[in-house]
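One structure is given below, encoded as structure tokens.
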Amino acid sequence: MNKILKLSAIALLASSTSLMAQSKSFEGVSLGITASVIGAEVSGSTSTNTTSANSSSGSVGKVTEIAAIDLSYAFATGSNSLIAIGANYIPGKAKLGSGAFTDGTNLGSQNEDSTTSTSASVKDPYTIYIAPTYAISKDAALYVKVGYSHADLSVSSSGTERVTSSSSKLEGWTYAIGSKTMLTPNTYFGVEASVTDYDNISATLTNGKTVSANPKVAQGTISLGYKF
């Protein structure tokens with residue numbers, strides 16, 4: 001009987017140690033380099049303060065590849081659960097999208113079409129996030145992520161009219177799901193899919209026309225990193 005109790009205690013201890021190792025494999029500071037394919041969709045519309053002009057709307061899409069730096073810290077909340085807090089930063093500048101809008105502008109007694117092409121670019125975008133994580137083994141974990149995203153924004157135009165004022169920043173929320181696999185005790189490989197819904201942006205042109213847009217970004221990411 002005593003032998004059975006001892007064996008049961010040893011088995012329970014080994015199981016507990018194994019479970020604790022699952023979360024411990026992912027604890028600590030991680031620094032990663034990510035490569036992403038981003039699909040950006042910008043749905044926009046124009047309006048004017050003159051009754052003779054027509055409003056118009058449309059959407060444009062853009063797919064691009066980018067690299068980013070990801071820094072995070074994860075702490076265990078259970079034998080196989082963790083919470084990661086981190087930030088993702090994309091250095092440089094990227095074009096978000098562009099579109100051409102045509103309206104009927106009343107010039108004296110004639111109605112003529114004026115066309116304006118408006119484009120938006122973002123600089124140094126970053127995301128601050130929290131990611132609840134579940135370790136399914138000592139080498140693999142799944143997570144969900146929610147984060148606040150921000151970027152400096154510049155809006156320009158070409159054609160009939162010019163931009164006189166515009167939004168100067170891009171803000172929104174990012175939602176993601178992903179996985180992390182430990183290749184060695186310190187190196188890892190990650191895969192993630194995310195969607196970012198940004199707030200509306202707007203610009204005013206010299207003819208009084210207002211261009212507004214609602215950017216959305218879908219992103220597929222792979223990462224390679226080191227856990228300290």
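For the structure tokens, the naming scheme is as follows: chains receive sequential letters (A, B, ...) according to their order of presentation, residues are indexed from 1 within each chain, and ligands are indexed from 1 in presentation order.
Using only C-alpha atoms, the residues found no farther than 12 Å from Gly178 of chain A, other than those of its own chain fewer than 3 positions away, are Ala131, Pro132, Thr133, Tyr134, Ala140, Ala141, Leu142, Tyr143, Val144, Lys145, Val146, Tyr175, Thr181, Phe189, Gly190, Val191, Glu192, Ala193, Ser194, Gln219, Gly220, Thr221, Ile222 and Ser223 of chain A.
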Using only N, CA, C and O atoms, please write the residues we just selected to a file, as a compact mmCIF listing (two decimals), in the first residue's frame.
```
# COMPACT_ATOMS: atom_id res chain seq x y z
N ALA A 131 -1.70 39.95 -24.82
CA ALA A 131 -1.97 38.69 -25.49
C ALA A 131 -2.09 37.54 -24.49
O ALA A 131 -1.07 36.99 -24.05
N PRO A 132 -3.32 37.17 -24.08
CA PRO A 132 -3.50 35.97 -23.27
C PRO A 132 -3.03 34.75 -24.07
O PRO A 132 -3.37 34.60 -25.24
N THR A 133 -2.24 33.89 -23.42
CA THR A 133 -1.57 32.79 -24.11
C THR A 133 -1.83 31.46 -23.39
O THR A 133 -1.86 31.42 -22.16
N TYR A 134 -1.99 30.40 -24.17
CA TYR A 134 -2.21 29.07 -23.60
C TYR A 134 -1.16 28.12 -24.19
O TYR A 134 -1.08 27.94 -25.41
N ALA A 140 4.95 24.61 -27.64
CA ALA A 140 3.97 25.25 -28.52
C ALA A 140 2.90 25.96 -27.70
O ALA A 140 2.47 25.45 -26.66
N ALA A 141 2.48 27.13 -28.18
CA ALA A 141 1.47 27.92 -27.49
C ALA A 141 0.58 28.64 -28.49
O ALA A 141 1.02 28.99 -29.60
N LEU A 142 -0.67 28.86 -28.10
CA LEU A 142 -1.63 29.62 -28.89
C LEU A 142 -1.99 30.89 -28.12
O LEU A 142 -1.98 30.90 -26.89
N TYR A 143 -2.32 31.96 -28.85
CA TYR A 143 -2.68 33.21 -28.17
C TYR A 143 -3.70 33.99 -28.97
O TYR A 143 -3.85 33.81 -30.18
N VAL A 144 -4.41 34.85 -28.27
CA VAL A 144 -5.23 35.89 -28.89
C VAL A 144 -4.67 37.22 -28.45
O VAL A 144 -4.04 37.32 -27.39
N LYS A 145 -4.89 38.24 -29.26
CA LYS A 145 -4.24 39.53 -28.99
C LYS A 145 -5.21 40.67 -29.27
O LYS A 145 -5.98 40.63 -30.23
N VAL A 146 -5.16 41.69 -28.43
CA VAL A 146 -5.87 42.94 -28.70
C VAL A 146 -4.90 44.09 -28.42
O VAL A 146 -4.15 44.05 -27.44
N TYR A 175 -6.90 43.27 -33.67
CA TYR A 175 -7.32 41.98 -33.10
C TYR A 175 -6.59 40.87 -33.85
O TYR A 175 -6.54 40.89 -35.08
N THR A 181 6.05 28.69 -31.53
CA THR A 181 6.69 27.38 -31.36
C THR A 181 8.15 27.59 -31.00
O THR A 181 8.88 28.30 -31.71
N PHE A 189 9.56 30.42 -33.38
CA PHE A 189 8.96 30.75 -34.67
C PHE A 189 7.48 31.02 -34.43
O PHE A 189 6.81 30.28 -33.70
N GLY A 190 6.96 32.10 -35.02
CA GLY A 190 5.57 32.48 -34.79
C GLY A 190 4.80 32.71 -36.07
O GLY A 190 5.37 33.08 -37.11
N VAL A 191 3.49 32.49 -36.00
CA VAL A 191 2.56 32.75 -37.11
C VAL A 191 1.36 33.50 -36.55
O VAL A 191 0.85 33.15 -35.47
N GLU A 192 0.90 34.53 -37.27
CA GLU A 192 -0.21 35.35 -36.75
C GLU A 192 -1.06 35.90 -37.89
O GLU A 192 -0.55 36.22 -38.96
N ALA A 193 -2.36 36.00 -37.63
CA ALA A 193 -3.30 36.68 -38.53
C ALA A 193 -4.00 37.78 -37.74
O ALA A 193 -4.44 37.54 -36.61
N SER A 194 -4.10 38.98 -38.30
CA SER A 194 -4.68 40.10 -37.56
C SER A 194 -5.50 41.00 -38.47
O SER A 194 -5.34 41.00 -39.70
N GLN A 219 -3.69 41.44 -42.02
CA GLN A 219 -2.25 41.18 -42.01
C GLN A 219 -1.95 39.73 -41.67
O GLN A 219 -2.52 39.16 -40.74
N GLY A 220 -1.07 39.11 -42.46
CA GLY A 220 -0.55 37.78 -42.15
C GLY A 220 0.93 37.90 -41.84
O GLY A 220 1.68 38.51 -42.61
N THR A 221 1.37 37.34 -40.71
CA THR A 221 2.72 37.58 -40.22
C THR A 221 3.41 36.29 -39.83
O THR A 221 2.81 35.40 -39.23
N ILE A 222 4.70 36.20 -40.15
CA ILE A 222 5.57 35.16 -39.61
C ILE A 222 6.69 35.87 -38.85
O ILE A 222 7.08 36.99 -39.19
N SER A 223 7.18 35.25 -37.80
CA SER A 223 8.22 35.89 -36.99
C SER A 223 9.25 34.88 -36.55
O SER A 223 8.98 33.68 -36.40
```
Q: May I have the residues within 10 Å of Ala218 of chain A as a count of residues only, using only C-alpha atoms and disregarding those fewer than 2 positions away in the same chain?
A: 16
Q. What does the distance between atom CA of Lys93 of chain A and atom CA of Val122 of chain A come to in Å, to one decimal place?
A. 5.7 Å
Q) Could you state the separation of atom CA of Gly92 of chain A and atom CA of Gly28 of chain A in Å, given to one decimal place? A) 28.3 Å
**Q.** Within 12 Å of Ala135 of chain A using only C-alpha atoms, minus same-chain residues under 4 positions, as number ranges by chain
**A.** A: 18-27, 74, 76-83, 139-143, 179-182
Using N, CA and C atoms, can you write the selected residues to a file as a PDB file, in the first residue's frame?
```
ATOM      1  N   SER A  18       5.862  18.784 -15.219  1.00  0.00           N
ATOM      2  CA  SER A  18       5.730  18.885 -16.672  1.00  0.00           C
ATOM      3  C   SER A  18       4.809  20.021 -17.063  1.00  0.00           C
ATOM      4  N   LEU A  19       3.672  20.191 -16.325  1.00  0.00           N
ATOM      5  CA  LEU A  19       2.738  21.264 -16.625  1.00  0.00           C
ATOM      6  C   LEU A  19       3.366  22.621 -16.374  1.00  0.00           C
ATOM      7  N   MET A  20       4.106  22.750 -15.280  1.00  0.00           N
ATOM      8  CA  MET A  20       4.754  24.024 -14.986  1.00  0.00           C
ATOM      9  C   MET A  20       5.758  24.364 -16.067  1.00  0.00           C
ATOM     10  N   ALA A  21       6.422  23.328 -16.628  1.00  0.00           N
ATOM     11  CA  ALA A  21       7.412  23.575 -17.676  1.00  0.00           C
ATOM     12  C   ALA A  21       6.758  24.136 -18.924  1.00  0.00           C
ATOM     13  N   GLN A  22       5.486  23.828 -19.147  1.00  0.00           N
ATOM     14  CA  GLN A  22       4.813  24.326 -20.343  1.00  0.00           C
ATOM     15  C   GLN A  22       4.755  25.846 -20.348  1.00  0.00           C
ATOM     16  N   SER A  23       4.353  26.464 -19.252  1.00  0.00           N
ATOM     17  CA  SER A  23       4.295  27.917 -19.218  1.00  0.00           C
ATOM     18  C   SER A  23       5.683  28.531 -19.069  1.00  0.00           C
ATOM     19  N   LYS A  24       6.571  27.848 -18.348  1.00  0.00           N
ATOM     20  CA  LYS A  24       7.910  28.399 -18.130  1.00  0.00           C
ATOM     21  C   LYS A  24       8.695  28.535 -19.429  1.00  0.00           C
ATOM     22  N   SER A  25       8.378  27.680 -20.411  1.00  0.00           N
ATOM     23  CA  SER A  25       9.091  27.756 -21.687  1.00  0.00           C
ATOM     24  C   SER A  25       8.875  29.092 -22.393  1.00  0.00           C
ATOM     25  N   PHE A  26       7.758  29.768 -22.081  1.00  0.00           N
ATOM     26  CA  PHE A  26       7.394  30.999 -22.785  1.00  0.00           C
ATOM     27  C   PHE A  26       7.497  32.241 -21.907  1.00  0.00           C
ATOM     28  N   GLU A  27       7.904  32.079 -20.658  1.00  0.00           N
ATOM     29  CA  GLU A  27       8.032  33.220 -19.754  1.00  0.00           C
ATOM     30  C   GLU A  27       9.238  34.081 -20.121  1.00  0.00           C
ATOM     31  N   ALA A  74       6.285  38.101 -21.147  1.00  0.00           N
ATOM     32  CA  ALA A  74       5.221  37.173 -20.773  1.00  0.00           C
ATOM     33  C   ALA A  74       5.451  36.657 -19.358  1.00  0.00           C
ATOM     34  N   ALA A  76       3.697  33.937 -16.310  1.00  0.00           N
ATOM     35  CA  ALA A  76       2.773  32.829 -16.127  1.00  0.00           C
ATOM     36  C   ALA A  76       1.651  33.214 -15.177  1.00  0.00           C
ATOM     37  N   THR A  77       0.442  32.781 -15.520  1.00  0.00           N
ATOM     38  CA  THR A  77      -0.720  32.962 -14.650  1.00  0.00           C
ATOM     39  C   THR A  77      -1.269  31.614 -14.197  1.00  0.00           C
ATOM     40  N   GLY A  78      -0.637  30.533 -14.641  1.00  0.00           N
ATOM     41  CA  GLY A  78      -1.049  29.183 -14.291  1.00  0.00           C
ATOM     42  C   GLY A  78      -0.048  28.195 -14.824  1.00  0.00           C
ATOM     43  N   SER A  79      -0.334  26.918 -14.685  1.00  0.00           N
ATOM     44  CA  SER A  79       0.606  25.897 -15.134  1.00  0.00           C
ATOM     45  C   SER A  79       0.813  25.911 -16.642  1.00  0.00           C
ATOM     46  N   ASN A  80      -0.194  26.327 -17.384  1.00  0.00           N
ATOM     47  CA  ASN A  80      -0.046  26.397 -18.845  1.00  0.00           C
ATOM     48  C   ASN A  80      -0.678  27.646 -19.449  1.00  0.00           C
ATOM     49  N   SER A  81      -0.853  28.679 -18.665  1.00  0.00           N
ATOM     50  CA  SER A  81      -1.416  29.940 -19.165  1.00  0.00           C
ATOM     51  C   SER A  81      -0.484  31.093 -18.845  1.00  0.00           C
ATOM     52  N   LEU A  82      -0.470  32.077 -19.742  1.00  0.00           N
ATOM     53  CA  LEU A  82       0.390  33.249 -19.589  1.00  0.00           C
ATOM     54  C   LEU A  82      -0.336  34.486 -20.084  1.00  0.00           C
ATOM     55  N   ILE A  83       0.209  35.634 -19.702  1.00  0.00           N
ATOM     56  CA  ILE A  83      -0.211  36.918 -20.264  1.00  0.00           C
ATOM     57  C   ILE A  83       1.038  37.593 -20.822  1.00  0.00           C
ATOM     58  N   ASP A 139       6.604  23.253 -25.873  1.00  0.00           N
ATOM     59  CA  ASP A 139       7.220  23.885 -27.044  1.00  0.00           C
ATOM     60  C   ASP A 139       6.245  24.631 -27.937  1.00  0.00           C
ATOM     61  N   ALA A 140       4.952  24.613 -27.641  1.00  0.00           N
ATOM     62  CA  ALA A 140       3.969  25.252 -28.525  1.00  0.00           C
ATOM     63  C   ALA A 140       2.898  25.960 -27.700  1.00  0.00           C
ATOM     64  N   ALA A 141       2.483  27.126 -28.181  1.00  0.00           N
ATOM     65  CA  ALA A 141       1.466  27.918 -27.485  1.00  0.00           C
ATOM     66  C   ALA A 141       0.583  28.636 -28.491  1.00  0.00           C
ATOM     67  N   LEU A 142      -0.669  28.856 -28.103  1.00  0.00           N
ATOM     68  CA  LEU A 142      -1.629  29.618 -28.887  1.00  0.00           C
ATOM     69  C   LEU A 142      -1.990  30.885 -28.123  1.00  0.00           C
ATOM     70  N   TYR A 143      -2.323  31.965 -28.846  1.00  0.00           N
ATOM     71  CA  TYR A 143      -2.681  33.206 -28.169  1.00  0.00           C
ATOM     72  C   TYR A 143      -3.700  33.992 -28.974  1.00  0.00           C
ATOM     73  N   SER A 179       0.186  31.707 -33.078  1.00  0.00           N
ATOM     74  CA  SER A 179       0.843  30.607 -32.376  1.00  0.00           C
ATOM     75  C   SER A 179       2.338  30.894 -32.285  1.00  0.00           C
ATOM     76  N   LYS A 180       2.970  30.305 -31.284  1.00  0.00           N
ATOM     77  CA  LYS A 180       4.412  30.439 -31.102  1.00  0.00           C
ATOM     78  C   LYS A 180       4.974  29.058 -30.821  1.00  0.00           C
ATOM     79  N   THR A 181       6.046  28.688 -31.528  1.00  0.00           N
ATOM     80  CA  THR A 181       6.687  27.384 -31.364  1.00  0.00           C
ATOM     81  C   THR A 181       8.154  27.586 -31.004  1.00  0.00           C
ATOM     82  N   MET A 182       8.590  26.959 -29.908  1.00  0.00           N
ATOM     83  CA  MET A 182       9.984  27.056 -29.490  1.00  0.00           C
ATOM     84  C   MET A 182      10.816  26.087 -30.332  1.00  0.00           C
TER      85      MET A 182
END
```
Q: For His150 of chain A, list every protein, DNA or RNA residue within 8 Å, evaluated using only C-alpha atoms, and leave out those in the same chain fewer than 4 positions away; present the list as a PyMOL selection string.
A: chain A and resi 125-127+169-172
With C-alpha atoms retained, could you export that selection as a PDB file, in the first residue's frame?
```pdb
ATOM      1  CA  PRO A 125       3.208  52.757 -37.163  1.00  0.00           C
ATOM      2  CA  TYR A 126       3.216  50.884 -33.863  1.00  0.00           C
ATOM      3  CA  THR A 127       0.871  48.681 -31.819  1.00  0.00           C
ATOM      4  CA  LYS A 169      -2.689  60.633 -37.172  1.00  0.00           C
ATOM      5  CA  LEU A 170      -4.177  57.196 -37.639  1.00  0.00           C
ATOM      6  CA  GLU A 171      -5.610  55.387 -34.607  1.00  0.00           C
ATOM      7  CA  GLY A 172      -7.493  52.136 -34.192  1.00  0.00           C
TER       8      GLY A 172
END
```
Q. Which one is closest to Ala84 of chain A: A:Gly225, A:Gly147, A:Pro215, A:Pro185? Count only C-alpha atoms.
A. A:Gly147
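Minimum distance to Thr206 of chain A across A:Lys227, A:Ser166, A:Ile177, A:Ser36 (counting only C-alpha atoms) occurs at A:Ser166.
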Q: Find the residues around Ser30 of chain A up to 6 Å (only C-alpha atoms counted), leave out those fewer than 2 positions away in its own chain, and share them as a list of chain:residue names.
A: A:Leu71, A:Ser72, A:Tyr226, A:Lys227
Using all heavy atoms, can you write the selected residues to a file as a PDB file, in the first residue's frame?
```pdb
ATOM      1  N   LEU A  71       8.649  43.412 -29.450  1.00  0.00           N
ATOM      2  CA  LEU A  71       9.237  43.229 -28.118  1.00  0.00           C
ATOM      3  C   LEU A  71       8.117  42.953 -27.128  1.00  0.00           C
ATOM      4  O   LEU A  71       7.126  43.691 -27.089  1.00  0.00           O
ATOM      5  CB  LEU A  71      10.007  44.480 -27.696  1.00  0.00           C
ATOM      6  CG  LEU A  71      10.655  44.453 -26.301  1.00  0.00           C
ATOM      7  CD1 LEU A  71      11.742  43.383 -26.233  1.00  0.00           C
ATOM      8  CD2 LEU A  71      11.224  45.827 -25.959  1.00  0.00           C
ATOM      9  N   SER A  72       8.262  41.884 -26.329  1.00  0.00           N
ATOM     10  CA  SER A  72       7.197  41.530 -25.397  1.00  0.00           C
ATOM     11  C   SER A  72       7.765  40.920 -24.122  1.00  0.00           C
ATOM     12  O   SER A  72       8.923  40.462 -24.085  1.00  0.00           O
ATOM     13  CB  SER A  72       6.216  40.548 -26.047  1.00  0.00           C
ATOM     14  OG  SER A  72       6.857  39.316 -26.321  1.00  0.00           O
ATOM     15  N   TYR A 226      13.989  35.617 -30.319  1.00  0.00           N
ATOM     16  CA  TYR A 226      14.814  35.076 -29.241  1.00  0.00           C
ATOM     17  C   TYR A 226      14.189  35.411 -27.897  1.00  0.00           C
ATOM     18  O   TYR A 226      13.786  36.554 -27.662  1.00  0.00           O
ATOM     19  CB  TYR A 226      16.228  35.687 -29.325  1.00  0.00           C
ATOM     20  CG  TYR A 226      17.205  35.080 -28.346  1.00  0.00           C
ATOM     21  CD1 TYR A 226      17.941  33.947 -28.688  1.00  0.00           C
ATOM     22  CD2 TYR A 226      17.401  35.656 -27.091  1.00  0.00           C
ATOM     23  CE1 TYR A 226      18.844  33.391 -27.799  1.00  0.00           C
ATOM     24  CE2 TYR A 226      18.302  35.105 -26.192  1.00  0.00           C
ATOM     25  CZ  TYR A 226      19.021  33.971 -26.543  1.00  0.00           C
ATOM     26  OH  TYR A 226      19.915  33.421 -25.662  1.00  0.00           O
ATOM     27  N   LYS A 227      14.073  34.408 -27.043  1.00  0.00           N
ATOM     28  CA  LYS A 227      13.540  34.603 -25.695  1.00  0.00           C
ATOM     29  C   LYS A 227      14.701  34.633 -24.697  1.00  0.00           C
ATOM     30  O   LYS A 227      15.491  33.693 -24.624  1.00  0.00           O
ATOM     31  CB  LYS A 227      12.566  33.472 -25.322  1.00  0.00           C
ATOM     32  CG  LYS A 227      11.906  33.679 -23.960  1.00  0.00           C
ATOM     33  CD  LYS A 227      10.994  32.533 -23.611  1.00  0.00           C
ATOM     34  CE  LYS A 227      11.805  31.319 -23.187  1.00  0.00           C
ATOM     35  NZ  LYS A 227      12.466  31.532 -21.869  1.00  0.00           N
TER      36      LYS A 227
END
```
Q: Excluding Pro91 of chain A and residues on its chain fewer than 5 positions from it, collect all residues at most 10 Å away from it, counting only C-alpha atoms, and give them as a list in words.
A: Ile66, Ala67, Ala68, Ile69, Lys123, Asp124, Pro125 and Tyr126 of chain A
